[in-house]
Amino acid sequence: MQAAIHATQMPIGLPDLAAVGRLGAAIARRLTVGDAVLLKGDLGAGKTTLARAILLALGHEGETPSPTFTLLQSYALKLPVAHLDLYRLKQPGEIEELGLDDALNEGAALIEWPEQAEDYLPDDALTVALGAEPRMAVLSGGGRWPTLIPGIVQEAA
Ligand SMILES: Nc1ncnc2c1ncn2[C@@H]1O[C@H](COP(=O)(O)OP(=O)(O)OP(=O)(O)O)[C@@H](O)[C@H]1O
Ligand SMILES: [Mg+2]
């Protein structure tokens with residue numbers, strides 16, 4: 001049944017940074033080893049802001065530099081997290097050199113601009129599609145995420 005594949009696609013309004021904080025906390029609470037969170041959306045849509053909210057909820061204190069040039073930034077938290085920004089990836093295969101597989105073996109990965117290497121990313125990822133006008137997100141995903149998304153949206157509202 002084709003329709004069922006995209007059945008769990010839930011929108012949530014993000015009118016201010018507090019709302020992003022709640023969404024970040026609701027996602028962080030459910031993250032485990034091997035999880036990838038794909039952060040989609042145009043320039044300025046709020047991908048890095050949500051990644052920072054997730055890191056904060058996982059106990060990160062201090063700087064969270066955008067991995068625009070390093071492409072991958074690691075955080076040694078209770079759940080190790082890799083934050084990736086693939087905007088400057090020259091070709092999809094280049095992602096194999098970044099150590100994403102190792103990062104997913106150890107912990108979770110938050111990935112901005114996943115469109116740049118779609119074929120190399122896990123099918124069971126949580127996808128958060130962000131928009132700036134109006135500020136909002138649409139959550140969808142494979143694996144266990146369809147069962148978790150309604151709870152995330154409820155907690156973050
Ligand atoms: N829900 C929101 N409400 C209000 N302001 C927001 C919200 N989300 C993000 N912002 C603000 O929008 C700006 C851009 O956000 P951010 O850097 O997270 O975008 P991005 O999607 O990562 O952009 P890029 O594609 O350049 O990496 C920041 O100043 C941030 O504080
Ligand atoms: Mg960004």
# chains A, B, ... in the order shown; residues from 1 in each chain; ligands from 1
>>> residues_near_ligand(ligand="ligand 1", cutoff="12 Å", atoms="only C-alpha atoms and all ligand atoms", output="PyMOL selection string")
chain A and resi 12-24+38-53+64-69+71+83-88+110-114+128-137
>>> residues_around(residues="Gly107 (chain A)", least_positions_apart="3", cutoff="12 Å", atoms="only C-alpha atoms", output="compact mmCIF listing (two decimals) with C-alpha atoms, in the first residue's frame")
# COMPACT_ATOMS: atom_id res chain seq x y z
CA ALA A 28 16.48 13.99 22.09
CA LEU A 31 17.29 9.16 20.33
CA THR A 32 19.42 6.06 20.63
CA VAL A 33 22.56 4.54 19.09
CA GLY A 34 22.28 4.26 15.30
CA ASP A 35 19.67 7.01 14.87
CA ALA A 36 20.02 9.54 12.10
CA VAL A 37 17.99 12.78 12.12
CA LEU A 58 21.37 15.78 25.61
CA SER A 74 31.49 15.31 17.28
CA TYR A 75 30.05 15.67 20.77
CA ALA A 76 30.96 13.21 23.55
CA LEU A 77 27.65 13.26 25.46
CA LYS A 78 25.74 10.55 27.36
CA LEU A 79 24.69 9.60 23.83
CA PRO A 80 27.58 10.48 21.51
CA VAL A 81 26.32 12.78 18.72
CA ALA A 82 27.78 13.72 15.36
CA HIS A 83 26.46 16.94 13.79
CA LEU A 100 29.38 8.68 9.53
CA ASP A 101 29.28 4.87 9.82
CA ASP A 102 31.53 4.97 12.89
CA ALA A 103 29.45 7.78 14.37
CA LEU A 104 26.25 5.75 13.94
CA LEU A 110 22.11 15.05 13.12
>>> select_by_dssp(residues="region 48-155 of chain A", states="helix (DSSP H, G or I)", output="ChimeraX atom specification")
/A:48-57,92-97,100-106,114-120,145-155
>>> select_by_dssp(residues="chain A", states="strand (DSSP E or B)", output="PyMOL selection string")
chain A and resi 10-13+36-40+72-75+81-85+108-112+126-132+135-141
>>> write_last_selection(atoms="N, CA and C atoms", output="compact mmCIF listing (two decimals), in the first residue's frame")
# COMPACT_ATOMS: atom_id res chain seq x y z
N MET A 10 3.69 14.46 10.16
CA MET A 10 2.96 15.39 11.01
C MET A 10 3.60 16.76 11.06
N PRO A 11 2.80 17.81 10.84
CA PRO A 11 3.33 19.17 10.93
C PRO A 11 3.28 19.70 12.35
N ILE A 12 4.19 20.60 12.65
CA ILE A 12 4.16 21.29 13.95
C ILE A 12 4.66 22.72 13.75
N GLY A 13 3.94 23.66 14.32
CA GLY A 13 4.34 25.07 14.22
C GLY A 13 5.51 25.36 15.16
N ALA A 36 19.68 8.37 12.89
CA ALA A 36 20.02 9.54 12.10
C ALA A 36 18.81 10.46 12.06
N VAL A 37 19.04 11.77 12.26
CA VAL A 37 17.99 12.78 12.12
C VAL A 37 18.36 13.64 10.93
N LEU A 38 17.52 13.60 9.90
CA LEU A 38 17.79 14.36 8.68
C LEU A 38 17.09 15.71 8.77
N LEU A 39 17.87 16.78 8.77
CA LEU A 39 17.33 18.13 8.93
C LEU A 39 17.28 18.80 7.56
N LYS A 40 16.07 18.89 7.00
CA LYS A 40 15.91 19.46 5.66
C LYS A 40 15.36 20.87 5.74
N LEU A 72 31.73 17.71 9.75
CA LEU A 72 31.28 16.87 10.87
C LEU A 72 31.89 17.38 12.18
N GLN A 73 31.03 17.50 13.18
CA GLN A 73 31.46 17.94 14.50
C GLN A 73 30.98 16.89 15.50
N SER A 74 31.88 16.37 16.33
CA SER A 74 31.49 15.31 17.28
C SER A 74 31.28 15.86 18.68
N TYR A 75 30.33 15.29 19.39
CA TYR A 75 30.05 15.67 20.77
C TYR A 75 30.03 14.41 21.63
N VAL A 81 27.06 12.21 19.87
CA VAL A 81 26.32 12.78 18.72
C VAL A 81 27.30 13.35 17.72
N ALA A 82 27.05 13.06 16.44
CA ALA A 82 27.78 13.72 15.36
C ALA A 82 26.83 14.69 14.68
N HIS A 83 27.27 15.93 14.47
CA HIS A 83 26.46 16.94 13.79
C HIS A 83 27.13 17.19 12.44
N LEU A 84 26.41 16.93 11.37
CA LEU A 84 26.96 17.08 10.02
C LEU A 84 26.22 18.15 9.24
N ASP A 85 26.94 18.86 8.39
CA ASP A 85 26.35 19.80 7.44
C ASP A 85 26.93 19.44 6.08
N ALA A 108 24.32 8.84 17.77
CA ALA A 108 23.35 9.37 16.81
C ALA A 108 24.00 10.42 15.91
N ALA A 109 23.33 10.71 14.79
CA ALA A 109 23.85 11.73 13.87
C ALA A 109 22.73 12.69 13.48
N LEU A 110 23.04 13.99 13.53
CA LEU A 110 22.11 15.05 13.12
C LEU A 110 22.68 15.60 11.82
N ILE A 111 21.91 15.50 10.72
CA ILE A 111 22.50 15.76 9.40
C ILE A 111 21.75 16.86 8.65
N GLU A 112 22.41 18.01 8.48
CA GLU A 112 21.85 19.10 7.67
C GLU A 112 22.19 18.85 6.20
N LEU A 126 14.84 9.62 11.07
CA LEU A 126 13.78 10.60 11.30
C LEU A 126 14.08 11.79 10.40
N THR A 127 13.09 12.22 9.62
CA THR A 127 13.27 13.40 8.78
C THR A 127 12.47 14.56 9.35
N VAL A 128 13.14 15.69 9.53
CA VAL A 128 12.47 16.92 9.97
C VAL A 128 12.64 17.94 8.86
N ALA A 129 11.54 18.26 8.17
CA ALA A 129 11.58 19.24 7.08
C ALA A 129 11.14 20.58 7.64
N LEU A 130 12.08 21.52 7.68
CA LEU A 130 11.82 22.82 8.30
C LEU A 130 11.47 23.88 7.26
N GLY A 131 10.61 24.81 7.66
CA GLY A 131 10.24 25.93 6.79
C GLY A 131 10.23 27.21 7.61
N ALA A 132 10.57 28.34 6.96
CA ALA A 132 10.68 29.61 7.69
C ALA A 132 9.46 30.51 7.53
N ARG A 135 7.27 29.67 10.24
CA ARG A 135 8.20 28.78 10.95
C ARG A 135 7.47 27.50 11.33
N MET A 136 7.91 26.38 10.79
CA MET A 136 7.26 25.10 11.10
C MET A 136 8.17 23.94 10.72
N ALA A 137 7.73 22.73 11.11
CA ALA A 137 8.45 21.52 10.73
C ALA A 137 7.44 20.44 10.38
N VAL A 138 7.82 19.56 9.45
CA VAL A 138 7.02 18.37 9.17
C VAL A 138 7.89 17.17 9.49
N LEU A 139 7.39 16.31 10.38
CA LEU A 139 8.14 15.13 10.81
C LEU A 139 7.66 13.90 10.06
N SER A 140 8.61 13.10 9.60
CA SER A 140 8.28 11.82 8.97
C SER A 140 9.47 10.90 9.22
N GLY A 141 9.32 9.62 8.90
CA GLY A 141 10.47 8.76 9.12
C GLY A 141 10.19 7.30 8.84
>>> atom_distance(atom1="CA of Leu148 (chain A)", atom2="CA of Gln9 (chain A)")
11.3 Å
>>> atom_distance(atom1="CA of Leu121 (chain A)", atom2="CA of Leu89 (chain A)")
13.9 Å
>>> atom_distance(atom1="CA of Arg144 (chain A)", atom2="CA of Gly93 (chain A)")
26.9 Å
>>> closest_residue(among="A:Ala25, A:Thr8, A:Asp124, A:Gly142", to="Ala157 (chain A)", atoms="only C-alpha atoms")
A:Ala25
